[in-house]
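Chemist: Please find one structure pasted underneath; my questions will follow.
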Amino acid sequence: MAWDPAEGSGMLAPPLTEPFPPTLLQAGLGDVEVPTVACEALARGLGASTLPNSPREIFDMTVVDFTDARLGSEENPPAVLTELLYVKEYAELPVGDKTRHFNSVHFCVRQDPLLIRQLTTFVNDATIIDPCKDDGCIRKRVTCGVAE
C-alpha cells in the first residue's frame with residue numbers, strides 16, 4: 001500500500017489492516033490536464049460506481065443510486081465517480097498524440113456549485129448526493145471565469 005496525497009495513482013492496493021476510506025472522485029469531460037481515462041482507471045481500481053444521472057455510461061462501472069446512503073456501507077461501494085460533461089471542450093479534444101491548448105475544465109469542476117455541494121455533503125457526513133439529477137451534469141462550455 002502506498003499513499004501519495006498529491007497523486008491519485010499512488011494508491012497501489014486496498015488497505016490490508018484498515019478499512020477502505022470512502023472516496024469521492026470528480027472529473028470533467030474535456031479536461032486537457034488530467035485525462036478522463038486516467039480518472040476512470042483509478043475509479044475502477046477503487047471499485048467505484050457512478051450515479052444514475054451521469055452524462056454517459058462508463059465501461060465496467062456499476063450505477064448505484066445513493067439516495068440516503070453512505071459510501072462504504074455494506075450495500076454500497078467504497079467510492080463514487082461524478083463526471084461533468086463540458087460539451088464544447090470535450091468536442092475539441094485532440095485525436096491521437098496531438099497536444100491541446102489549455103482550457104479551464106480542470107478548474108471549473110472545482111468551482112461548479114453542484115459539485116461543491118456534493119463535496120461539502122460528502123466531507124460533512126459521508127453521504128453522496130447526485131448533482132446530476134436535474135441537468136445530467138452537462139454544461140455547454142466552461143463558464144467559471146478562469147482566463148484561457
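Identifiers in this document derive from the order of the C-alpha cells: chains are assigned A, B, ..., residues are numbered from 1 separately in each chain, and ligands are numbered from 1 in order of occurrence.
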Give me the residues near Asp65 in chain A as a PyMOL selection string, where near means some atom within 12 Å (using only C-alpha atoms) and where sequence neighbours in that chain fewer than 5 positions away do not count.

Modeler: chain A and resi 49-54+70-71+75-77+80+127-133

Chemist: Atoms to include: N, CA and C atoms. Write the selected residues as a PDB file, in the first residue's frame.

Modeler:
ATOM      1  N   SER A  49     -18.409   3.324  -8.247  1.00  0.00           N
ATOM      2  CA  SER A  49     -19.588   3.271  -9.101  1.00  0.00           C
ATOM      3  C   SER A  49     -19.876   4.685  -9.582  1.00  0.00           C
ATOM      4  N   THR A  50     -20.844   4.809 -10.469  1.00  0.00           N
ATOM      5  CA  THR A  50     -21.301   6.122 -10.915  1.00  0.00           C
ATOM      6  C   THR A  50     -22.740   6.311 -10.456  1.00  0.00           C
ATOM      7  N   LEU A  51     -23.254   7.500 -10.672  1.00  0.00           N
ATOM      8  CA  LEU A  51     -24.616   7.840 -10.262  1.00  0.00           C
ATOM      9  C   LEU A  51     -25.580   7.712 -11.429  1.00  0.00           C
ATOM     10  N   PRO A  52     -26.873   7.515 -11.158  1.00  0.00           N
ATOM     11  CA  PRO A  52     -27.847   7.259 -12.223  1.00  0.00           C
ATOM     12  C   PRO A  52     -27.960   8.361 -13.275  1.00  0.00           C
ATOM     13  N   ASN A  53     -27.706   9.597 -12.933  1.00  0.00           N
ATOM     14  CA  ASN A  53     -27.911  10.699 -13.868  1.00  0.00           C
ATOM     15  C   ASN A  53     -26.618  11.213 -14.495  1.00  0.00           C
ATOM     16  N   SER A  54     -25.593  10.392 -14.509  1.00  0.00           N
ATOM     17  CA  SER A  54     -24.308  10.779 -15.106  1.00  0.00           C
ATOM     18  C   SER A  54     -24.486  11.068 -16.594  1.00  0.00           C
ATOM     19  N   ARG A  70     -24.719   5.893   2.646  1.00  0.00           N
ATOM     20  CA  ARG A  70     -23.329   6.298   2.849  1.00  0.00           C
ATOM     21  C   ARG A  70     -22.400   5.449   1.997  1.00  0.00           C
ATOM     22  N   LEU A  71     -21.325   6.072   1.550  1.00  0.00           N
ATOM     23  CA  LEU A  71     -20.293   5.325   0.844  1.00  0.00           C
ATOM     24  C   LEU A  71     -19.653   4.331   1.795  1.00  0.00           C
ATOM     25  N   GLU A  75     -23.941  -2.235   1.742  1.00  0.00           N
ATOM     26  CA  GLU A  75     -24.684  -2.321   0.494  1.00  0.00           C
ATOM     27  C   GLU A  75     -24.160  -1.391  -0.602  1.00  0.00           C
ATOM     28  N   ASN A  76     -23.184  -0.555  -0.304  1.00  0.00           N
ATOM     29  CA  ASN A  76     -22.672   0.399  -1.282  1.00  0.00           C
ATOM     30  C   ASN A  76     -21.173   0.259  -1.485  1.00  0.00           C
ATOM     31  N   PRO A  77     -20.696   0.606  -2.697  1.00  0.00           N
ATOM     32  CA  PRO A  77     -19.259   0.555  -2.944  1.00  0.00           C
ATOM     33  C   PRO A  77     -18.513   1.619  -2.133  1.00  0.00           C
ATOM     34  N   VAL A  80     -17.217   6.655  -5.367  1.00  0.00           N
ATOM     35  CA  VAL A  80     -18.129   7.061  -6.441  1.00  0.00           C
ATOM     36  C   VAL A  80     -17.415   8.082  -7.327  1.00  0.00           C
ATOM     37  N   THR A 127     -22.180  11.216   3.108  1.00  0.00           N
ATOM     38  CA  THR A 127     -23.272  10.787   2.228  1.00  0.00           C
ATOM     39  C   THR A 127     -23.039  11.344   0.831  1.00  0.00           C
ATOM     40  N   ILE A 128     -23.646  10.691  -0.133  1.00  0.00           N
ATOM     41  CA  ILE A 128     -23.497  11.090  -1.530  1.00  0.00           C
ATOM     42  C   ILE A 128     -24.820  11.640  -2.036  1.00  0.00           C
ATOM     43  N   ILE A 129     -24.759  12.816  -2.639  1.00  0.00           N
ATOM     44  CA  ILE A 129     -25.916  13.351  -3.341  1.00  0.00           C
ATOM     45  C   ILE A 129     -25.599  13.309  -4.830  1.00  0.00           C
ATOM     46  N   ASP A 130     -26.625  13.251  -5.654  1.00  0.00           N
ATOM     47  CA  ASP A 130     -26.441  13.198  -7.103  1.00  0.00           C
ATOM     48  C   ASP A 130     -26.584  14.602  -7.667  1.00  0.00           C
ATOM     49  N   PRO A 131     -25.466  15.266  -7.988  1.00  0.00           N
ATOM     50  CA  PRO A 131     -25.543  16.625  -8.510  1.00  0.00           C
ATOM     51  C   PRO A 131     -26.066  16.667  -9.945  1.00  0.00           C
ATOM     52  N   CYS A 132     -26.192  15.508 -10.564  1.00  0.00           N
ATOM     53  CA  CYS A 132     -26.610  15.434 -11.971  1.00  0.00           C
ATOM     54  C   CYS A 132     -28.111  15.209 -12.122  1.00  0.00           C
ATOM     55  N   LYS A 133     -28.820  15.164 -11.011  1.00  0.00           N
ATOM     56  CA  LYS A 133     -30.242  14.804 -11.037  1.00  0.00           C
ATOM     57  C   LYS A 133     -31.065  15.695 -11.956  1.00  0.00           C
TER      58      LYS A 133
END

Chemist: Pick out the residues sitting within 10 Å of Lys140 in chain A, and hand them over as a PyMOL selection string; count only C-alpha atoms, and ignore anything fewer than 6 positions along from it in its own chain.

Modeler: chain A and resi 85-90

Chemist: Would you save the residues from that selection as a PDB file, in the first residue's frame, using N, CA and C atoms?

Modeler:
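Result went into again-v9.pdb, see below:
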ATOM      1  N   LEU A  85     -19.825  16.916 -18.040  1.00  0.00           N
ATOM      2  CA  LEU A  85     -19.526  16.981 -19.468  1.00  0.00           C
ATOM      3  C   LEU A  85     -19.567  18.430 -19.919  1.00  0.00           C
ATOM      4  N   TYR A  86     -18.416  18.929 -20.355  1.00  0.00           N
ATOM      5  CA  TYR A  86     -18.322  20.259 -20.949  1.00  0.00           C
ATOM      6  C   TYR A  86     -18.329  20.041 -22.462  1.00  0.00           C
ATOM      7  N   VAL A  87     -19.494  20.241 -23.091  1.00  0.00           N
ATOM      8  CA  VAL A  87     -19.726  19.844 -24.475  1.00  0.00           C
ATOM      9  C   VAL A  87     -18.706  20.453 -25.434  1.00  0.00           C
ATOM     10  N   LYS A  88     -18.522  21.759 -25.395  1.00  0.00           N
ATOM     11  CA  LYS A  88     -17.608  22.432 -26.334  1.00  0.00           C
ATOM     12  C   LYS A  88     -16.177  21.923 -26.164  1.00  0.00           C
ATOM     13  N   GLU A  89     -15.685  21.888 -24.950  1.00  0.00           N
ATOM     14  CA  GLU A  89     -14.303  21.479 -24.690  1.00  0.00           C
ATOM     15  C   GLU A  89     -14.093  19.993 -24.983  1.00  0.00           C
ATOM     16  N   TYR A  90     -15.097  19.184 -24.701  1.00  0.00           N
ATOM     17  CA  TYR A  90     -14.999  17.744 -24.975  1.00  0.00           C
ATOM     18  C   TYR A  90     -14.900  17.506 -26.481  1.00  0.00           C
TER      19      TYR A  90
END

Chemist: In Å to one decimal, how far is CA of Arg110 in chain A from CA of Ile58 in chain A?

Modeler: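 One can read the CA of Ile58 in chain A to CA of Arg110 in chain A distance as 21.1 Å.
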
Chemist: Report as a tab-separated table the residues of range 13-46 of chain A within 12 Å of range 94-104 of chain A, each with its shortest atom pair and distance in Å (one decimal), using only C-alpha atoms, ordered by chain and increasing residue number.

Modeler:
residue	atom	partner	partner_atom	distance
A:Gly28	CA	A:Ser104	CA	9.8
A:Leu29	CA	A:Ser104	CA	11.3
A:Gly30	CA	A:Asn103	CA	8.4
A:Asp31	CA	A:Asn103	CA	7.2
A:Val32	CA	A:Arg100	CA	6.6
A:Glu33	CA	A:Phe102	CA	7.9
A:Val34	CA	A:Asn103	CA	11.4
A:Pro35	CA	A:Pro94	CA	11.5

Chemist: Could you check how far CA of His106 in chain A sits from CA of Glu57 in chain A, in Å to one decimal?

Modeler: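 Those two atoms sit 20.6 Å apart.
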
Chemist: So which residues touch Leu24 in chain A within 8 Å, counting only C-alpha atoms, skipping near sequence neighbours fewer than 5 positions away, as number ranges by chain?

Modeler: A: 79-82, 119, 122

Chemist: Grab the residues selected above and save them as a tab-separated table (two decimals), in the first residue's frame with C-alpha atoms.

Modeler:
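The resulting part-v8.tsv:
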chain	number	residue	atom	x	y	z
A	79	ALA	CA	-16.10	5.08	-3.91
A	80	VAL	CA	-18.13	7.06	-6.44
A	81	LEU	CA	-17.15	8.95	-9.60
A	82	THR	CA	-19.03	12.07	-10.71
A	119	LEU	CA	-18.23	17.57	-1.88
A	122	PHE	CA	-19.60	14.13	1.47

Chemist: So what do you get for CA of Thr62 in chain A versus CA of Phe107 in chain A, distance-wise?

Modeler: 26.9 Å

Chemist: For the alpha helix (DSSP H) assignment from backbone DSSP, which residues of range 12-119 of chain A qualify? Please present them as an MDAnalysis selection string.

Modeler: chainID A and resid 36:46 87:91 105:111 113:119

Chemist: What lies within 10 Å of Glu40 in chain A using only C-alpha atoms, ignoring chain neighbours under 5 positions off, as a list in words?

Modeler: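 Everything that qualifies: Leu25, Ala27, Pro35, Gly45, Leu46, Ala48, Ile58, Phe59, Asp60, Met61, Leu81 and Glu83 of chain A.
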